[in-house]
Amino acid sequence: MARDMTVFVDDDGKAYLFYSSEENPTMHVSLLTDDYLHTAGKFARIFVGRKMEAPAVFKHAGKYYVIASGCSAWEPNAARSAVADNIFGPWTELGNPCVGTDADKTFRSQSTFVLPVQGRPDTFIFMADRWKQWDLPDSRYVWLPLEFSADEKPVLKWHEHWSLNPITTTSQASVAETNNAVSKLQ
């Protein structure tokens, strides 16, 4: 079984499919064919036994990063991050990149994608799903600026409002205080 997947396109145009597999305990990364329509036969089993899903993959400073989720059905859980020099591994887990209130629940959301901002080297937007299990059409997204610590670990902080001009934040209210608020890109 392959599920909960994403595609990452590297600087050289090669694409890789990341997906939960083996009934969820293990993630796989597979090289795709040049047209991105099929797997090319080269793959690696990564995060064996870690039960990770919702991979959001990106590249920063020549290294590959993933932010993912544990498998807890519709309940948010602490994000997990990892880094590798090679896309096939080995991957080194870095822990939860989220800090602050509700960090243990990834701000009540689940990773979905990390968007590199065009024209802004090393500027990324972390995107996450805020699922409403009993009303899926009313689910929302959370977009937050992705920062890096001095030792190049990804860091995610809740911001009620933020802007890309340059990346600035205001009103760093806690998620609990804002209850149903979703971070808004201004």
# chains A, B, ... in the order shown; residues from 1 in each chain; ligands from 1
call {"tool": "residues_around", "arguments": {"residues": "Phe47 in chain A", "least_positions_apart": "3", "cutoff": "10 Å", "atoms": "only C-alpha atoms", "output": "list in words"}}
result
Ser20, Pro25, Thr26, Met27, His28, Ala44, Arg50, Lys51, Met52, Ala82, Gly89, Pro90, Trp91, Thr92 and Glu93 of chain A
call {"tool": "closest_atom_pairs", "arguments": {"of": "range 9-106 of chain A", "to": "range 119-141 of chain A", "cutoff": "8 Å", "atoms": "only C-alpha atoms", "output": "CSV"}}
result
residue,atom,partner,partner_atom,distance
A:His60,CA,A:Asp122,CA,6.4
A:Ala61,CA,A:Asp122,CA,7.7
A:Trp74,CA,A:Gln133,CA,6.2
call {"tool": "closest_residue", "arguments": {"among": "A:Ala79, A:Val117, A:Ala150, A:Cys71", "to": "Gly49 in chain A", "atoms": "only C-alpha atoms"}}
result
A:Cys71
call {"tool": "closest_residue", "arguments": {"among": "A:Arg45, A:Lys157, A:Lys63, A:Lys105", "to": "Pro145 in chain A", "atoms": "only C-alpha atoms"}}
result
A:Lys157
call {"tool": "residues_around", "arguments": {"residues": "range 41-43 of chain A", "least_positions_apart": "4", "cutoff": "7 Å", "atoms": "only C-alpha atoms", "output": "CSV table (one decimal) with N, CA and C atoms, in the first residue's frame"}}
result
chain,number,residue,atom,x,y,z
A,28,HIS,N,8.6,5.5,2.1
A,28,HIS,CA,9.5,5.2,0.9
A,28,HIS,C,9.7,6.5,0.2
A,29,VAL,N,10.9,6.5,-0.5
A,29,VAL,CA,11.2,7.6,-1.5
A,29,VAL,C,11.6,6.9,-2.8
A,30,SER,N,10.9,7.2,-3.9
A,30,SER,CA,11.2,6.6,-5.2
A,30,SER,C,11.5,7.6,-6.2
A,31,LEU,N,12.5,7.4,-7.0
A,31,LEU,CA,12.8,8.2,-8.1
A,31,LEU,C,11.7,8.0,-9.2
